[in-house]
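Pasted below: upload.txt, compact mmCIF, C-alpha atoms.
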# COMPACT_ATOMS: atom_id res chain seq x y z
CA MET A 1 199.15 51.45 -82.92
CA THR A 2 201.44 52.74 -85.64
CA ALA A 3 200.23 55.93 -87.30
CA PRO A 4 199.74 55.52 -91.06
CA ALA A 5 201.85 57.52 -93.45
CA GLY A 6 200.18 60.53 -95.04
CA ASP A 7 198.06 63.26 -93.51
CA GLY A 8 198.83 63.78 -89.84
CA ALA A 9 201.93 61.57 -89.85
CA ARG A 10 205.00 63.25 -88.41
CA ALA A 11 208.42 62.10 -89.57
CA THR A 12 211.03 61.63 -86.89
CA PRO A 13 213.88 64.05 -87.61
CA ALA A 14 217.18 62.42 -88.42
CA ARG A 15 219.66 62.52 -85.54
CA ARG A 16 223.00 64.19 -86.16
CA PRO A 17 225.82 61.61 -86.20
CA THR A 18 228.21 61.94 -83.26
CA ILE A 19 231.80 60.99 -82.48
CA LYS A 20 230.38 58.02 -80.57
CA ASP A 21 228.63 56.80 -83.75
CA ILE A 22 231.86 57.11 -85.72
CA ALA A 23 233.82 55.25 -83.05
CA ARG A 24 231.29 52.42 -82.99
CA ARG A 25 231.25 52.09 -86.79
CA ALA A 26 235.05 52.35 -87.15
CA GLY A 27 235.75 50.02 -84.21
CA VAL A 28 237.99 52.46 -82.38
CA SER A 29 237.78 54.56 -79.21
CA GLU A 30 236.14 57.98 -79.11
CA SER A 31 239.48 59.58 -78.25
CA ALA A 32 241.00 58.01 -81.37
CA VAL A 33 238.20 59.52 -83.44
CA SER A 34 238.82 62.94 -81.87
CA PHE A 35 242.54 62.72 -82.59
CA ALA A 36 241.92 61.65 -86.18
CA LEU A 37 239.31 64.29 -86.99
CA ASN A 38 241.30 67.12 -85.42
CA GLY A 39 244.57 66.17 -87.11
CA ARG A 40 246.34 65.38 -83.84
CA PRO A 41 249.05 62.78 -83.34
CA GLY A 42 248.30 59.59 -81.44
CA VAL A 43 246.67 57.41 -84.12
CA SER A 44 248.09 55.53 -87.07
CA GLN A 45 247.58 56.74 -90.63
CA THR A 46 245.41 53.67 -91.32
CA THR A 47 243.12 54.50 -88.40
CA ARG A 48 243.00 58.15 -89.38
CA GLU A 49 241.91 57.28 -92.92
CA ARG A 50 239.29 54.80 -91.66
CA VAL A 51 237.83 57.39 -89.26
CA HIS A 52 237.59 60.04 -91.99
CA ARG A 53 235.97 57.52 -94.35
CA VAL A 54 233.36 56.52 -91.77
CA ALA A 55 232.70 60.18 -90.85
CA ALA A 56 232.07 60.97 -94.51
CA ASP A 57 229.76 57.96 -94.89
CA LEU A 58 227.71 59.07 -91.87
CA GLY A 59 227.56 62.70 -93.04
CA TRP A 60 229.25 63.95 -89.88
CA GLN A 61 230.10 67.66 -89.60
CA PRO A 62 231.94 69.40 -86.72
CA ASN A 63 229.75 71.19 -84.18
CA SER A 64 230.46 74.91 -84.61
CA ALA A 65 229.46 75.76 -81.03
CA ALA A 66 231.78 73.12 -79.61
CA ARG A 67 234.60 74.32 -81.84
CA ALA A 68 234.07 77.89 -80.65
CA LEU A 69 234.22 76.80 -77.01
CA SER A 70 237.47 75.00 -77.68
CA GLY A 71 239.00 78.18 -79.11
CA GLU A 72 238.69 77.16 -82.75
CA ARG A 73 237.04 79.31 -85.39
CA SER A 74 233.27 79.16 -85.80
CA GLY A 75 233.49 79.00 -89.58
CA ALA A 76 231.09 81.90 -90.07
CA LEU A 77 231.24 85.63 -90.76
CA GLY A 78 228.49 88.10 -89.89
CA LEU A 79 226.67 90.89 -91.69
CA VAL A 80 224.02 93.03 -89.99
CA LEU A 81 221.81 95.48 -91.84
CA ALA A 82 220.19 98.23 -89.77
CA ARG A 83 217.66 99.61 -92.21
CA PRO A 84 213.87 99.67 -92.51
CA ALA A 85 212.92 96.13 -93.52
CA HIS A 86 210.40 97.32 -96.12
CA THR A 87 213.19 98.92 -98.18
CA LEU A 88 215.26 95.75 -98.59
CA GLY A 89 213.17 94.00 -101.21
CA VAL A 90 213.85 96.76 -103.72
CA GLU A 91 217.54 97.40 -102.96
CA SER A 92 219.56 95.65 -105.67
CA PHE A 93 222.83 97.01 -104.22
CA PHE A 94 222.77 94.73 -101.18
CA LEU A 95 221.74 91.67 -103.20
CA GLN A 96 224.75 92.18 -105.47
CA LEU A 97 227.05 92.96 -102.53
CA VAL A 98 226.04 89.78 -100.68
CA SER A 99 226.42 87.79 -103.91
CA GLY A 100 230.05 88.88 -104.17
CA VAL A 101 230.70 88.18 -100.48
CA GLN A 102 229.17 84.72 -100.78
CA GLU A 103 231.31 83.85 -103.82
CA VAL A 104 234.47 84.32 -101.76
CA LEU A 105 233.19 82.65 -98.59
CA ALA A 106 231.80 79.61 -100.42
CA ALA A 107 235.25 78.91 -101.86
CA ARG A 108 236.57 78.72 -98.28
CA LYS A 109 233.50 76.82 -96.98
CA ILE A 110 232.67 79.70 -94.64
CA ALA A 111 229.07 80.54 -93.80
CA LEU A 112 227.55 84.03 -93.85
CA LEU A 113 225.31 84.88 -90.89
CA PHE A 114 222.97 87.69 -91.99
CA GLN A 115 220.44 89.56 -89.88
CA VAL A 116 218.26 92.67 -90.28
CA VAL A 117 217.66 94.93 -87.25
CA GLU A 118 215.84 98.19 -86.62
CA ASP A 119 218.75 100.50 -85.76
CA THR A 120 222.41 100.68 -84.78
CA ALA A 121 221.61 100.20 -81.09
CA ALA A 122 220.05 96.84 -81.93
CA GLU A 123 223.00 96.07 -84.19
CA CYS A 124 225.50 96.77 -81.40
CA GLU A 125 223.57 94.49 -79.05
CA LEU A 126 223.57 91.74 -81.67
CA LEU A 127 227.31 92.13 -82.25
CA ARG A 128 227.93 91.77 -78.50
CA ARG A 129 225.85 88.59 -78.43
CA TRP A 130 227.57 87.11 -81.48
CA TRP A 131 230.95 87.80 -79.86
CA ALA A 132 229.93 86.34 -76.49
CA GLU A 133 228.52 83.21 -78.12
CA ARG A 134 231.46 82.94 -80.55
CA ARG A 135 228.95 82.78 -83.38
CA VAL A 136 231.19 84.55 -85.91
CA ASP A 137 234.90 84.99 -86.51
CA GLY A 138 234.51 88.50 -87.95
CA VAL A 139 231.95 90.87 -89.37
CA LEU A 140 231.33 93.11 -92.36
CA VAL A 141 230.01 96.50 -91.23
CA VAL A 142 227.89 98.40 -93.76
CA ASP A 143 226.37 101.88 -93.90
CA PRO A 144 228.97 103.93 -91.96
CA ARG A 145 227.27 106.74 -90.03
CA ALA A 146 228.06 110.03 -88.38
CA GLN A 147 228.87 109.39 -84.70
CA ASP A 148 229.01 105.68 -85.49
CA PRO A 149 229.31 103.58 -82.29
CA ARG A 150 230.30 100.35 -84.05
CA PRO A 151 234.06 100.83 -84.69
CA ALA A 152 234.76 101.55 -81.01
CA LEU A 153 232.58 98.63 -79.93
CA LEU A 154 234.33 96.19 -82.27
CA ASP A 155 237.71 97.50 -81.08
CA SER A 156 236.73 96.83 -77.46
CA LEU A 157 235.50 93.32 -78.31
CA GLY A 158 238.54 92.49 -80.42
CA LEU A 159 236.25 91.20 -83.17
CA PRO A 160 237.89 91.49 -86.61
CA ALA A 161 235.84 93.66 -88.96
CA VAL A 162 235.84 95.44 -92.30
CA LEU A 163 233.92 98.67 -92.79
CA VAL A 164 232.23 98.65 -96.19
CA GLY A 165 232.34 102.33 -97.09
CA ALA A 166 234.46 105.23 -95.91
CA PRO A 167 233.84 106.59 -92.40
CA ALA A 168 231.92 109.83 -92.09
CA PRO A 169 234.08 112.99 -92.27
CA GLY A 170 235.90 113.43 -88.97
CA GLU A 171 235.13 109.84 -87.89
CA ASP A 172 237.77 107.20 -87.15
CA ALA A 173 237.48 103.58 -88.30
CA GLY A 174 239.65 102.45 -85.38
CA SER A 175 241.30 99.11 -86.07
CA LEU A 176 238.82 98.21 -88.79
CA SER A 177 239.90 97.85 -92.38
CA THR A 178 237.85 99.91 -94.83
CA VAL A 179 236.79 99.12 -98.38
CA TRP A 180 235.30 102.15 -100.11
CA ALA A 181 234.46 103.94 -103.33
CA ASP A 182 234.84 107.69 -103.85
CA ASP A 183 231.26 109.01 -103.60
CA SER A 184 232.44 112.61 -103.77
CA ALA A 185 234.22 112.17 -107.11
CA ALA A 186 231.28 110.16 -108.47
CA MET A 187 228.82 112.94 -107.59
CA ALA A 188 231.15 115.52 -109.16
CA SER A 189 231.08 113.55 -112.43
CA VAL A 190 227.27 113.48 -112.42
CA LEU A 191 226.96 117.21 -111.81
CA ALA A 192 229.58 117.95 -114.48
CA HIS A 193 227.54 115.92 -116.99
CA LEU A 194 224.30 117.74 -116.22
CA HIS A 195 225.98 121.15 -116.09
CA GLY A 196 227.61 120.46 -119.45
CA LEU A 197 224.15 119.85 -120.93
CA GLY A 198 223.03 123.26 -119.65
CA HIS A 199 221.03 122.34 -116.52
CA ARG A 200 220.97 124.82 -113.67
CA ARG A 201 218.02 123.60 -111.52
CA ILE A 202 219.17 120.21 -110.29
CA VAL A 203 217.86 118.26 -107.30
CA HIS A 204 219.43 115.24 -105.63
CA VAL A 205 216.87 112.78 -104.21
CA ALA A 206 219.13 111.22 -101.58
CA GLY A 207 218.84 108.18 -99.36
CA LEU A 208 218.76 107.98 -95.58
CA ALA A 209 220.01 111.02 -93.70
CA GLY A 210 222.91 110.34 -91.35
CA LEU A 211 224.57 107.69 -93.51
CA ALA A 212 228.14 108.68 -94.29
CA HIS A 213 227.79 108.17 -98.03
CA THR A 214 224.55 110.20 -98.11
CA GLU A 215 226.20 113.12 -96.32
CA ARG A 216 229.29 112.84 -98.52
CA ARG A 217 227.23 112.97 -101.72
CA ILE A 218 225.22 115.94 -100.44
CA ALA A 219 228.41 117.80 -99.48
CA SER A 220 230.03 117.06 -102.84
CA LEU A 221 226.95 118.26 -104.74
CA ARG A 222 226.88 121.48 -102.73
CA ALA A 223 230.61 122.15 -103.19
CA GLU A 224 230.61 121.41 -106.92
CA ALA A 225 227.50 123.54 -107.47
CA ALA A 226 229.11 126.46 -105.64
CA ALA A 227 232.24 126.12 -107.77
CA LEU A 228 230.10 126.22 -110.93
CA GLY A 229 228.02 129.14 -109.68
CA LEU A 230 224.79 127.15 -109.58
CA SER A 231 222.32 128.33 -106.96
CA GLY A 232 219.35 126.14 -107.86
CA VAL A 233 220.94 122.88 -106.69
CA ARG A 234 219.90 121.04 -103.54
CA SER A 235 219.30 117.62 -101.93
CA VAL A 236 216.27 116.02 -100.24
CA THR A 237 216.53 112.84 -98.16
CA THR A 238 214.31 109.74 -98.34
CA ASP A 239 214.35 106.11 -97.18
CA TYR A 240 215.49 104.70 -100.59
CA SER A 241 212.04 103.21 -101.31
CA ASP A 242 210.08 103.56 -104.53
CA ALA A 243 207.19 105.13 -102.59
CA GLU A 244 209.31 107.95 -101.18
CA GLY A 245 211.16 108.37 -104.46
CA ALA A 246 207.86 108.89 -106.30
CA ALA A 247 206.47 111.17 -103.58
CA ALA A 248 209.60 113.35 -103.59
CA THR A 249 209.41 113.61 -107.39
CA ARG A 250 205.76 114.73 -107.32
CA ARG A 251 206.57 117.45 -104.79
CA LEU A 252 209.51 118.68 -106.85
CA LEU A 253 207.58 118.77 -110.13
CA ASP A 254 204.65 120.58 -108.48
CA ALA A 255 206.92 123.40 -107.27
CA ALA A 256 206.80 126.87 -108.80
CA GLU A 257 210.24 126.30 -110.32
CA PRO A 258 210.59 122.54 -110.84
CA PRO A 259 214.02 121.04 -111.50
CA THR A 260 215.13 120.29 -115.02
CA ALA A 261 217.27 117.38 -113.77
CA ILE A 262 217.00 114.95 -110.85
CA ILE A 263 219.73 112.67 -109.46
CA TYR A 264 218.37 109.65 -107.56
CA ASP A 265 220.44 107.75 -104.99
CA ASN A 266 219.34 104.35 -106.29
CA ASP A 267 217.80 102.73 -109.34
CA VAL A 268 214.42 101.99 -107.74
CA MET A 269 213.77 105.61 -106.81
CA ALA A 270 214.85 106.70 -110.29
CA VAL A 271 212.36 104.37 -111.99
CA ALA A 272 209.63 105.46 -109.57
CA GLY A 273 210.52 109.08 -110.38
CA VAL A 274 210.16 108.42 -114.11
CA SER A 275 206.68 107.01 -113.45
CA ALA A 276 205.74 110.02 -111.31
CA ALA A 277 206.93 112.37 -114.07
CA ALA A 278 204.78 110.51 -116.59
CA GLU A 279 201.76 111.00 -114.29
CA ARG A 280 202.39 114.75 -114.41
CA GLY A 281 202.82 114.73 -118.20
CA VAL A 282 206.49 115.67 -117.94
CA ALA A 283 208.45 114.28 -120.90
CA LEU A 284 211.88 112.67 -120.53
CA PRO A 285 214.39 113.90 -121.46
CA ALA A 286 212.86 116.92 -123.25
CA GLU A 287 211.54 118.48 -120.03
CA LEU A 288 213.33 116.50 -117.32
CA SER A 289 216.65 114.64 -117.21
CA VAL A 290 217.10 111.72 -114.79
CA VAL A 291 220.26 110.06 -113.43
CA ALA A 292 220.32 106.90 -111.27
CA TRP A 293 223.18 106.41 -108.82
CA ASP A 294 223.65 102.65 -109.30
CA ASP A 295 223.06 100.98 -112.64
CA SER A 296 220.90 97.85 -112.84
CA ALA A 297 218.65 95.94 -115.21
CA LEU A 298 215.85 98.35 -114.21
CA CYS A 299 217.83 101.28 -115.62
CA ARG A 300 218.46 99.46 -118.88
CA VAL A 301 214.89 98.27 -119.55
CA THR A 302 213.07 101.47 -118.53
CA HIS A 303 212.01 103.73 -121.41
CA PRO A 304 213.90 105.88 -121.94
CA ARG A 305 216.93 103.98 -120.67
CA LEU A 306 218.38 105.72 -117.63
CA THR A 307 221.73 107.45 -117.47
CA ALA A 308 223.43 105.79 -114.48
CA LEU A 309 226.58 105.46 -112.45
CA VAL A 310 228.02 102.05 -113.25
CA ARG A 311 230.12 99.99 -110.87
CA ASP A 312 230.67 96.28 -110.28
CA THR A 313 228.94 95.87 -106.92
CA THR A 314 229.50 92.11 -106.91
CA ALA A 315 233.25 92.73 -107.25
CA PHE A 316 232.95 95.26 -104.40
CA GLY A 317 231.47 92.47 -102.23
CA ARG A 318 234.28 90.11 -103.20
CA LEU A 319 236.84 92.77 -102.28
CA ALA A 320 235.25 93.29 -98.85
CA ALA A 321 235.11 89.55 -98.13
CA ARG A 322 238.74 89.01 -99.14
CA GLU A 323 239.84 91.89 -96.94
CA LEU A 324 238.03 90.39 -93.93
CA LEU A 325 239.57 86.97 -94.56
CA ASP A 326 242.98 88.64 -94.77
CA ARG A 327 242.37 90.21 -91.35
CA LEU A 328 241.45 86.80 -89.94
CA ASP A 329 244.68 85.41 -91.37
CA GLY A 330 246.70 88.06 -89.49
CA GLY A 331 246.87 90.84 -92.09
CA PRO A 332 247.04 94.49 -90.98
CA ALA A 333 244.12 96.93 -90.98
CA ARG A 334 244.19 99.05 -94.10
CA SER A 335 242.09 101.29 -96.35
CA VAL A 336 241.31 99.83 -99.77
CA GLN A 337 239.74 102.00 -102.47
CA ALA A 338 237.53 100.25 -105.00
CA GLU A 339 237.22 101.30 -108.62
CA LEU A 340 235.54 104.67 -109.13
CA PRO A 341 231.99 104.33 -110.54
CA HIS A 342 231.75 105.77 -114.05
CA LEU A 343 228.79 107.58 -115.58
CA GLU A 344 227.04 105.84 -118.47
CA PRO A 345 225.06 108.48 -120.41
CA ARG A 346 221.84 107.10 -121.93
CA GLU A 347 218.56 108.47 -123.27
CA SER A 348 217.25 109.93 -119.98
CA THR A 349 219.59 112.95 -120.03
CA ALA A 350 219.62 115.74 -122.60
CA PRO A 351 219.79 119.55 -122.67
CA PRO A 352 216.87 121.26 -120.92
CA PRO A 353 214.31 123.34 -122.83
CA PRO A 354 215.99 126.43 -124.37
CA ALA A 355 214.39 128.81 -121.87
CA GLU A 356 215.83 126.82 -118.97
CA ARG A 357 219.40 126.44 -120.20
CA GLU A 358 222.33 127.98 -118.42
CA PRO A 359 223.78 130.81 -120.49
CA ALA A 360 227.07 130.01 -122.19
CA PRO A 361 230.12 131.72 -120.62
CA GLU A 362 230.74 135.13 -122.12
CA GLN A 363 233.62 135.29 -124.56
CA GLY A 364 236.09 138.12 -124.28
CA LEU A 365 235.59 140.97 -126.77
CA ARG A 366 238.16 141.19 -129.53
CA ALA A 367 240.14 144.37 -129.89
Encoded form using structure tokens:
Amino acid sequence: MTAPAGDGARATPARRPTIKDIARRAGVSESAVSFALNGRPGVSQTTRERVHRVAADLGWQPNSAARALSGERSGALGLVLARPAHTLGVESFFLQLVSGVQEVLAARKIALLFQVVEDTAAECELLRRWWAERRVDGVLVVDPRAQDPRPALLDSLGLPAVLVGAPAPGEDAGSLSTVWADDSAAMASVLAHLHGLGHRRIVHVAGLAGLAHTERRIASLRAEAAALGLSGVRSVTTDYSDAEGAAATRRLLDAAEPPTAIIYDNDVMAVAGVSAAAERGVALPAELSVVAWDDSALCRVTHPRLTALVRDTTAFGRLAARELLDRLDGGPARSVQAELPHLEPRESTAPPPPAEREPAPEQGLRA
């Protein structure tokens, strides 16, 4: 008895068309179809055109696994993110980065295989499996770390890769290309802005400890503060989430000597910090100045609008994708510096209260 359509009915999934189906429809042998579809000699131009027409009519696509086994490219690039999954929904940086990557790959009809894992050990295992199964032709590697095992692993596998971000100080990218922005110079520009306004108690609410860019920003803040003679400057690490950003802000504002300015490593933590300050009755920017590392719509619609470091993250993703495609096309490994983020001062930064301002440099006495 035939089951009626509607509740409980299960549609039979459509079968993928095969070379045999194309051969039957075109009236040629399967070997002729293979020659035609793979651009090999052995069939006439008329047969080749008929085979391609029939393949298009049937919606046939090449099997990526079979192509990989035959030594052809898989038609896919990989991106693995080893971060706490609960932080991803609020990270606009990666959404914009992937958007730029996808723009470039879509133009070449290349797929992006994306996966989230718990840590770098799981990422390394996944990279080995992708290589063994020929799932990807190359990978984008994000979040460079101190003692990062991934460059050496990718070298040993011979899997083309681009490191998105500069290696940690003292680390070697191996044969990987790198696409990076100067975090140290960006942090120096932020501290110069706040110092110029008169702030002397400044705290950096950083992201994950151990990430190369986190350590680089912390080191730059420390070095620039020392050069300016500022002793009340320090960093605290978090997981990039709004919850930890707010919690860190509460702890800082409850201290005996709270900061007069806070630098947040992303926009979400900055907005959460503004909310936490409002809970404590701390007025922005009269009592507290706030800077967000990456600009976003959140920074521009929050009241007051947040001073932020501005960069084109989508363009950064496009740059990384193009560099990886260049490696696949035989280009050499190289280091490519992206445009330096620039600080966009808005209403969230201003001079601190008069009692908290850094004294102006003494002027020499006139004779």
Need the shell around Asp137 (chain A): protein/DNA/RNA residues with any atom at most 7 Å away, counting only C-alpha atoms. Skip same-chain ones fewer than 2 positions apart. Format as a count of residues only? 5
Excluding same-chain residues fewer than 5 positions from region 293-298 of chain A, what lies within 8 Å of it counting only C-alpha atoms, as a PyMOL selection string? chain A and resi 92-93+263-268+271+308-311
Grab the CA of Ala223 (chain A) to CA of His342 (chain A) distance for me, in Å with one decimal place. 19.7 Å
Which is closer to Arg318 (chain A) than all the others in A:Ala55, A:Val136, A:Val179, A:Arg150, using only C-alpha atoms?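 Of A:Ala55, A:Val136, A:Val179, A:Arg150, the one nearest Arg318 (chain A) is A:Val179, counting only C-alpha atoms.
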Mind checking which residues fall within 8 Å of Gln337 (chain A), counting all atoms listed in the file, ignoring those fewer than 3 positions away in the same chain, and posting them as a PyMOL selection string? chain A and resi 179-182
Quick one: distance from CA of Leu163 (chain A) to CA of Ala212 (chain A) in Å, one decimal?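 According to the coordinates, CA of Leu163 (chain A) and CA of Ala212 (chain A) are separated by 11.7 Å.
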Separation of CA of Leu340 (chain A) from CA of Ala192 (chain A), in Å and rounded to one decimal: 15.5 Å
Find the residues near Trp60 (chain A): any atom within 12 Å, counting all atoms listed in the file, skip ones fewer than 2 places away on the same chain, and give them as a ChimeraX atom specification. /A:15-23,33,37,51-58,62-63
Env of region 199-207 of chain A: 8 Å cut, atoms = all atoms listed in the file, seq-sep filter 5 positions within chain, self excluded. Answer as an NGL selection string. :A and (194 or 214 or 218 or 230-240 or 245 or 248 or 258-266 or 351-352 or 356-358)
From A:Leu176, A:Asp148, A:Met187, A:Val274, residue lying nearest Val336 (chain A) [all atoms listed in the file]: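 Closest residue, counting all atoms listed in the file: A:Leu176.
If you measure from each of A:Asp155, A:Glu123, A:Asp183, A:Glu30 to Leu79 (chain A) using all atoms listed in the file, the closest one turns out to be A:Glu123.
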Go through A:Leu95, A:Ala243, A:Ala350, A:Ala166 one by one, measure the shortest atom-to-atom distance of each to Ser275 (chain A) using all atoms listed in the file, and give the residue with the smallest value. A:Ala243
For Leu284 (chain A), the closest of A:Arg24, A:Arg250, A:His303, A:Lys109 counting only C-alpha atoms is A:His303
List every protein, DNA or RNA residue with an atom no more than 6 Å from (242.4, 93.8, -89.1) in the file's coordinates, counting only C-alpha atoms, and format the result as a VMD selection string. chain A and resid 160 176 to 177 327 332 to 333
Could you write out as JSON the box around region 331-334 of chain A (axis-aligned, all atoms listed in the file, 6 Å on each side), with centre and edge lengths in Å to one decimal?
{"center_x": 245.6, "center_y": 94.9, "center_z": -92.5, "size_x": 14.9, "size_y": 20.2, "size_z": 15.1}
With distances taken over all atoms listed in the file, which of A:Gly229, A:Pro353, A:Gly165, A:Pro41 is nearest to Pro144 (chain A)?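 Closest candidate: A:Gly165.
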